[in-house]
Amino acid sequence: MTDTQTTPGVVLTDVAVQKVRSLLESEGRDDLSLRIAVQPGGCSGLRYQLYFDDRELDGDVETDYDGVKVVTDKMSAPYLSGASIDFMDTIQQQGFTIDNPNASGSCACGDSFH
């Protein structure tokens with residue numbers, strides 16, 4: 001069963017939505033969701049995972065961004081509530097960035113948080 005939120009737990013910027021849409025189009029897939037999860041690991045205790053997924057898990061929190069479906073499992077949702085995901089494409093940085101107000105600290109490499 002899927003819960004659709006009116007106020008998204010995870011917010012994607014317009015640039016991030018465009019990048020996800022572009023990646024899906026380049027794969028020729030319209031049946032995948034961007035799954036955002038938190039898993040144990042990293043030097044600070046928790047690590048973000050972003051990947052395309054065709055599964056629907058019981059308790060998923062789902063948000064639709066103009067046809068781009070973003071899902072978070074029920075265990076990760078509290079850690080990601082209010083987090084903002086952007087896509088950077090500069091000389092210094094390329095990739096998705098996560099600004100999470102729930103993270104009380106992160107490691108020096110920025111790969112994990114607690």
# chains A, B, ... in the order shown; residues from 1 in each chain; ligands from 1
>>> select_by_dssp(residues="region 22-103 of chain A", states="strand (DSSP E or B)", output="MDAnalysis selection string")
chainID A and resid 33:40 46:53 61:65 68:72 83:89 94:99
>>> closest_atom_pairs(of="region 54-102 of chain A", to="region 11-17 of chain A", cutoff="6 Å", atoms="only C-alpha atoms", output="Markdown table")
| residue | atom | partner | partner_atom | distance |
| --- | --- | --- | --- | --- |
| A:Ser84 | CA | A:Val11 | CA | 4.7 |
| A:Ile85 | CA | A:Leu12 | CA | 4.8 |
| A:Asp86 | CA | A:Ala16 | CA | 4.9 |
| A:Phe87 | CA | A:Ala16 | CA | 4.8 |
>>> closest_residue(among="A:Val61, A:Val10, A:Leu46, A:Val70", to="Leu32 (chain A)", atoms="only C-alpha atoms")
A:Val70
>>> closest_residue(among="A:Ser81, A:Asn100, A:Ser26, A:Thr90", to="Arg47 (chain A)", atoms="only C-alpha atoms")
A:Asn100
>>> closest_residue(among="A:Arg21, A:Met88, A:Val38, A:Gly9", to="Glu62 (chain A)", atoms="only C-alpha atoms")
A:Gly9
>>> residues_around(residues="Tyr51 (chain A)", least_positions_apart="2", cutoff="12 Å", atoms="only C-alpha atoms", output="ChimeraX atom specification")
/A:20,23-24,32-38,48-49,53-55,69-72,96
>>> atom_distance(atom1="CA of Met75 (chain A)", atom2="CA of Thr97 (chain A)")
20.9 Å
>>> select_by_dssp(residues="region 22-110 of chain A", states="helix (DSSP H, G or I)", output="PyMOL selection string")
chain A and resi 22-27+77-80
>>> write_last_selection(atoms="all heavy atoms", output="mmCIF file, in the first residue's frame")
data_model
loop_
_atom_site.group_PDB
_atom_site.id
_atom_site.type_symbol
_atom_site.label_atom_id
_atom_site.label_comp_id
_atom_site.auth_asym_id
_atom_site.auth_seq_id
_atom_site.Cartn_x
_atom_site.Cartn_y
_atom_site.Cartn_z
ATOM 1 N N SER A 22 15.665 13.400 -17.102
ATOM 2 C CA SER A 22 16.633 13.178 -18.180
ATOM 3 C C SER A 22 17.265 11.788 -18.085
ATOM 4 O O SER A 22 17.427 11.101 -19.097
ATOM 5 C CB SER A 22 17.711 14.262 -18.117
ATOM 6 O OG SER A 22 18.772 13.977 -18.982
ATOM 7 N N LEU A 23 17.623 11.374 -16.876
ATOM 8 C CA LEU A 23 18.213 10.041 -16.693
ATOM 9 C C LEU A 23 17.233 8.941 -17.051
ATOM 10 O O LEU A 23 17.601 7.947 -17.689
ATOM 11 C CB LEU A 23 18.691 9.879 -15.241
ATOM 12 C CG LEU A 23 19.899 10.726 -14.836
ATOM 13 C CD1 LEU A 23 20.093 10.665 -13.324
ATOM 14 C CD2 LEU A 23 21.150 10.258 -15.560
ATOM 15 N N LEU A 24 15.974 9.106 -16.651
ATOM 16 C CA LEU A 24 14.957 8.108 -16.994
ATOM 17 C C LEU A 24 14.738 8.039 -18.502
ATOM 18 O O LEU A 24 14.610 6.956 -19.073
ATOM 19 C CB LEU A 24 13.644 8.420 -16.279
ATOM 20 C CG LEU A 24 13.619 8.151 -14.778
ATOM 21 C CD1 LEU A 24 12.371 8.736 -14.147
ATOM 22 C CD2 LEU A 24 13.728 6.661 -14.498
ATOM 23 N N GLU A 25 14.692 9.201 -19.150
ATOM 24 C CA GLU A 25 14.499 9.234 -20.606
ATOM 25 C C GLU A 25 15.676 8.590 -21.326
ATOM 26 O O GLU A 25 15.487 7.869 -22.307
ATOM 27 C CB GLU A 25 14.305 10.674 -21.081
ATOM 28 C CG GLU A 25 12.943 11.237 -20.707
ATOM 29 C CD GLU A 25 12.798 12.721 -21.017
ATOM 30 O OE1 GLU A 25 13.766 13.351 -21.513
ATOM 31 O OE2 GLU A 25 11.704 13.262 -20.748
ATOM 32 N N SER A 26 16.899 8.822 -20.825
ATOM 33 C CA SER A 26 18.074 8.224 -21.475
ATOM 34 C C SER A 26 18.080 6.709 -21.337
ATOM 35 O O SER A 26 18.646 6.006 -22.163
ATOM 36 C CB SER A 26 19.366 8.825 -20.928
ATOM 37 O OG SER A 26 19.602 8.396 -19.607
ATOM 38 N N GLU A 27 17.438 6.195 -20.285
ATOM 39 C CA GLU A 27 17.307 4.751 -20.087
ATOM 40 C C GLU A 27 16.108 4.182 -20.847
ATOM 41 O O GLU A 27 15.937 2.968 -20.913
ATOM 42 C CB GLU A 27 17.163 4.426 -18.594
ATOM 43 C CG GLU A 27 18.403 4.690 -17.774
ATOM 44 C CD GLU A 27 19.530 3.746 -18.113
ATOM 45 O OE1 GLU A 27 19.279 2.544 -18.332
ATOM 46 O OE2 GLU A 27 20.683 4.217 -18.176
ATOM 47 N N ALA A 77 11.857 7.445 6.042
ATOM 48 C CA ALA A 77 11.080 8.680 5.966
ATOM 49 C C ALA A 77 11.336 9.647 7.127
ATOM 50 O O ALA A 77 11.526 10.845 6.890
ATOM 51 C CB ALA A 77 9.593 8.361 5.827
ATOM 52 N N PRO A 78 11.374 9.199 8.386
ATOM 53 C CA PRO A 78 11.614 10.155 9.471
ATOM 54 C C PRO A 78 12.987 10.839 9.384
ATOM 55 O O PRO A 78 13.123 12.004 9.753
ATOM 56 C CB PRO A 78 11.524 9.305 10.746
ATOM 57 C CG PRO A 78 10.761 8.093 10.354
ATOM 58 C CD PRO A 78 11.067 7.861 8.902
ATOM 59 N N TYR A 79 13.990 10.122 8.890
ATOM 60 C CA TYR A 79 15.327 10.692 8.756
ATOM 61 C C TYR A 79 15.401 11.715 7.622
ATOM 62 O O TYR A 79 16.288 12.558 7.597
ATOM 63 C CB TYR A 79 16.362 9.595 8.468
ATOM 64 C CG TYR A 79 16.562 8.633 9.601
ATOM 65 C CD1 TYR A 79 16.015 7.356 9.546
ATOM 66 C CD2 TYR A 79 17.303 8.990 10.721
ATOM 67 C CE1 TYR A 79 16.204 6.458 10.587
ATOM 68 C CE2 TYR A 79 17.501 8.090 11.765
ATOM 69 C CZ TYR A 79 16.943 6.833 11.687
ATOM 70 O OH TYR A 79 17.136 5.944 12.720
ATOM 71 N N LEU A 80 14.483 11.607 6.663
ATOM 72 C CA LEU A 80 14.544 12.437 5.464
ATOM 73 C C LEU A 80 13.471 13.520 5.417
ATOM 74 O O LEU A 80 13.435 14.300 4.471
ATOM 75 C CB LEU A 80 14.420 11.545 4.225
ATOM 76 C CG LEU A 80 15.582 10.574 4.032
ATOM 77 C CD1 LEU A 80 15.238 9.528 2.983
ATOM 78 C CD2 LEU A 80 16.841 11.323 3.645
#
>>> closest_residue(among="A:Gly59, A:Ile91, A:Gly41, A:Asp31", to="Ser76 (chain A)", atoms="only C-alpha atoms")
A:Gly59
